[in-house]
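Participant: Quick one: this structure, given as structure tokens, is what I'll be asking you about.
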Amino acid sequence: MIHDTKVLTGLFYELEKTRNPNQTILSKFYKGGRIVLIGSNSTAGLASRPIKILLCDEVDRYVPTKEGDAIDLAAKRTSNFFDSKIFICSTPTVKGASRIDIEYELGTQEVWCHKCPNCGEFHCLDYRDMVCDSTVNRNETGNKSVVVRKVKWRCPDCGYEFSELEMRRAAQAYIIKNPDALANGVRSFFVNGFCSPWLKWREIMREWLESRGDPTREAVVMNTRFGISYELKSTVEEEDLTARVEDYDGEVPSEVLLLTAGVDVQKNRLEYGIYGWNATECWGICHGIILGAPNNIETWRGLDNVLSKQYGKLKIARTFIDSGYSTTMVYDYVRGRRDVYAIKGKAAYGAPLIQNMTSPKSSGILLVTLNVIAAKDEIYQRLEAMDNVHFGAEQWRGFDEIFFKQLASEHRVLRQAGGMSYHTYEKVSKNARNEMLDVMCYAYAAMKSFLVNVDAETFWARQLEIKKPPARIIQRSLNQYG
């Protein structure tokens, strides 16, 4: 940016000298000052450095540190300046663990509002006040597409509706909700995507309508377009889960495009779950237990029988096996087996679902590190939605009272570390069993692992083509049966 922006280029000393020790990637001197870039996990970089202007960006993604809150540590470095300024900015994330929410509440809470052309009242443009003329379509992969023809804002006071152009031309201003914060010198501001000159209302509402029913996508739109932290339920109710049991149209429902499996290893058994997926929905195919210690070869042969079977018209595309218990035996099993991976669970707030894939020394396998917090977030968000997770009713599938009790065995709790709030999961009771929740998380992660480096729409379209029978077979059938 410095090199390509002429007005900035001239400000920096000796920019053309590539070996100038004063100009590094993270430290830049310029005429009148210096810019220093520091990661939120590197609090040592703040030591012994006075700071006049502190810019903290995307604070909801800061990680807890052993030395304390990164923002507070950095703020202490501004004490040498009577006219220091601290800017704290972020897209919000999870309600209850959002640092920017806390900072916003402590400030003036100034909201960018538009004046209603009819009644003259000022209002924040809220997605709940948008009236859409739209059509919803679903393709063969389960993807939902929405065509939004027109969007109008309805004034919550007078009920009159106005177009995007009319509201962009309307008077606009920040409205203070907490003027008392001015005494502390703390101002806070809120603005959402409806005010952006680069975003059209139709596009924003299309994203929102297409995300409805998929909590993981809903959270992205709520955070990045509406500027609102997404509220995760603390738990799911067992009664709500049992209501998802239904009769399928076959061993595997016709909508399923991909099968994955998760396996949990215990000292006297293996627990497995097989799940079907398309772009938006999940189907529980079966859950079962293979009795036997993991150091017994027959136990793993039993798992081979499960994973090698064909279910309906599909075979299991990928399996994730937890290697936390009996690690050596798990490594021995996955070694040389295609699409069967050992995983290691790690609680890492803010990290992606699939953290990395490494090869432990002398193991000869690929080990997947799975963020269990992200996995449970996404599973519980899916279970909250009313129509995108299904479980088969037949007794052989194993979705019984014990299964659903274990699926609802954990709840979300807020904790503090390094001066920051974060959420994690704990059992609802000391003796609660959670293997079936873990298994579903592993199968879900196995499905998501296909999407790490592939566009989701392209992937599911490819799965649909794989599932379709060859055209010549279709033609022969038509010739034979008319």
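Labels for the structure tokens follow display order: chains A, B, ..., residues from 1 in each chain, ligands from 1.
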Among range 318-408 of chain A, which ones does DSSP place in strand (DSSP E), written as a list in words?

Facilitator: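 Residues of range 318-408 of chain A classed as strand (DSSP E): Arg318, Thr319, Phe320, Ile321, Asp322, Val340, Tyr341, Ala342, Ile343, Lys344, Gly345, Lys346, Ile354, Gln355, Asn356, Met357, Thr358, Leu367, Val368, Thr369, Leu370, Asn371, Val389, His390, Phe391 and Gly392 of chain A.
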
Participant: Once you have the residues from the selection above, write them out as an mmCIF file, in the first residue's frame, restricted to C-alpha atoms.

Facilitator:
```
data_model
loop_
_atom_site.group_PDB
_atom_site.id
_atom_site.type_symbol
_atom_site.label_atom_id
_atom_site.label_comp_id
_atom_site.auth_asym_id
_atom_site.auth_seq_id
_atom_site.Cartn_x
_atom_site.Cartn_y
_atom_site.Cartn_z
ATOM 1 C CA ARG A 318 -14.554 -40.207 4.456
ATOM 2 C CA THR A 319 -14.171 -41.316 8.075
ATOM 3 C CA PHE A 320 -12.665 -39.453 11.040
ATOM 4 C CA ILE A 321 -11.504 -41.558 14.030
ATOM 5 C CA ASP A 322 -10.587 -39.983 17.358
ATOM 6 C CA VAL A 340 -9.892 -42.901 6.824
ATOM 7 C CA TYR A 341 -8.140 -40.339 9.014
ATOM 8 C CA ALA A 342 -7.023 -40.113 12.622
ATOM 9 C CA ILE A 343 -8.039 -36.892 14.342
ATOM 10 C CA LYS A 344 -6.979 -35.039 17.454
ATOM 11 C CA GLY A 345 -9.500 -32.785 19.174
ATOM 12 C CA LYS A 346 -8.367 -29.394 20.454
ATOM 13 C CA ILE A 354 -10.137 -27.935 10.591
ATOM 14 C CA GLN A 355 -7.041 -26.387 12.177
ATOM 15 C CA ASN A 356 -4.343 -28.279 10.317
ATOM 16 C CA MET A 357 -3.211 -31.619 8.917
ATOM 17 C CA THR A 358 0.198 -32.900 10.001
ATOM 18 C CA LEU A 367 -3.351 -36.476 11.533
ATOM 19 C CA VAL A 368 -6.203 -33.948 11.413
ATOM 20 C CA THR A 369 -6.421 -31.410 14.255
ATOM 21 C CA LEU A 370 -10.073 -30.618 14.874
ATOM 22 C CA ASN A 371 -11.359 -27.574 16.777
ATOM 23 C CA VAL A 389 -31.277 -32.297 10.572
ATOM 24 C CA HIS A 390 -33.150 -35.629 10.341
ATOM 25 C CA PHE A 391 -32.904 -39.017 12.064
ATOM 26 C CA GLY A 392 -34.274 -42.305 10.727
#
```

Participant: If we count only C-alpha atoms, what is near Trp300 in chain A at a cut-off of 9 Å, once residues fewer than 4 positions away on the same chain are taken out, given as an NGL selection string?

Facilitator: :A and (270 or 290 or 292 or 294-296 or 304-305 or 333)

Participant: Let me see the file: selected residues, N, CA and C atoms, as a PDB file, in the first residue's frame.

Facilitator:
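Below is the file that was written, part03.pdb:
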```pdb
ATOM      1  N   LEU A 270     -15.918 -49.532  20.223  1.00  0.00           N
ATOM      2  CA  LEU A 270     -15.875 -48.438  19.255  1.00  0.00           C
ATOM      3  C   LEU A 270     -17.313 -47.989  19.013  1.00  0.00           C
ATOM      4  N   ILE A 290     -19.430 -51.275  18.365  1.00  0.00           N
ATOM      5  CA  ILE A 290     -18.677 -52.507  18.126  1.00  0.00           C
ATOM      6  C   ILE A 290     -17.973 -52.855  19.429  1.00  0.00           C
ATOM      7  N   GLY A 292     -15.592 -54.621  22.074  1.00  0.00           N
ATOM      8  CA  GLY A 292     -14.250 -55.186  22.018  1.00  0.00           C
ATOM      9  C   GLY A 292     -13.207 -54.124  22.303  1.00  0.00           C
ATOM     10  N   PRO A 294      -9.805 -51.933  21.921  1.00  0.00           N
ATOM     11  CA  PRO A 294      -9.125 -51.463  20.713  1.00  0.00           C
ATOM     12  C   PRO A 294      -7.798 -52.173  20.435  1.00  0.00           C
ATOM     13  N   ASN A 295      -7.285 -52.924  21.391  1.00  0.00           N
ATOM     14  CA  ASN A 295      -6.049 -53.690  21.122  1.00  0.00           C
ATOM     15  C   ASN A 295      -6.339 -55.076  20.561  1.00  0.00           C
ATOM     16  N   ASN A 296      -7.635 -55.325  20.266  1.00  0.00           N
ATOM     17  CA  ASN A 296      -8.053 -56.596  19.683  1.00  0.00           C
ATOM     18  C   ASN A 296      -8.301 -56.391  18.191  1.00  0.00           C
ATOM     19  N   ASP A 304     -14.198 -52.395   9.959  1.00  0.00           N
ATOM     20  CA  ASP A 304     -14.036 -52.554   8.506  1.00  0.00           C
ATOM     21  C   ASP A 304     -15.345 -52.958   7.843  1.00  0.00           C
ATOM     22  N   ASN A 305     -16.059 -53.882   8.482  1.00  0.00           N
ATOM     23  CA  ASN A 305     -17.334 -54.352   7.927  1.00  0.00           C
ATOM     24  C   ASN A 305     -18.339 -53.210   7.812  1.00  0.00           C
ATOM     25  N   TYR A 333      -4.506 -48.589  12.410  1.00  0.00           N
ATOM     26  CA  TYR A 333      -5.697 -48.877  11.604  1.00  0.00           C
ATOM     27  C   TYR A 333      -5.791 -47.960  10.391  1.00  0.00           C
TER      28      TYR A 333
END
```

Participant: Return the single residue from A:Leu26, A:Cys441, A:Cys56, A:Leu366 that is closest to Ser40 in chain A, with distances computed using only C-alpha atoms.

Facilitator: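 Among the listed residues, A:Cys56 lies closest to Ser40 in chain A.
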
Participant: List every residue of range 290-471 of chain A that DSSP, applied to the backbone of this structure, places in helix (DSSP H, G or I), and write the result as an MDAnalysis selection string.

Facilitator: chainID A and resid 297:308 327:334 372:384 395:397 401:407 435:449 456:467 471

Participant: As an exercise, work out the distance from CA of Thr43 in chain A to CA of Val59 in chain A in Å and give it to one decimal place.

Facilitator: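 Separation of CA of Thr43 in chain A and CA of Val59 in chain A: 14.0 Å.
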
Participant: Separation of CA of Ala375 in chain A and CA of Leu259 in chain A, in Å?

Facilitator: 17.6 Å

Participant: Return the single residue from A:Ser134, A:Gln23, A:Ser188, A:Ser409 that is closest to Arg206 in chain A, with distances computed using only C-alpha atoms.

Facilitator: A:Ser134

Participant: If I take CA of Glu435 in chain A and CA of Trp277 in chain A, how far is one from the other in Å, to one decimal?

Facilitator: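 For CA of Glu435 in chain A relative to CA of Trp277 in chain A, the distance reads 20.8 Å.
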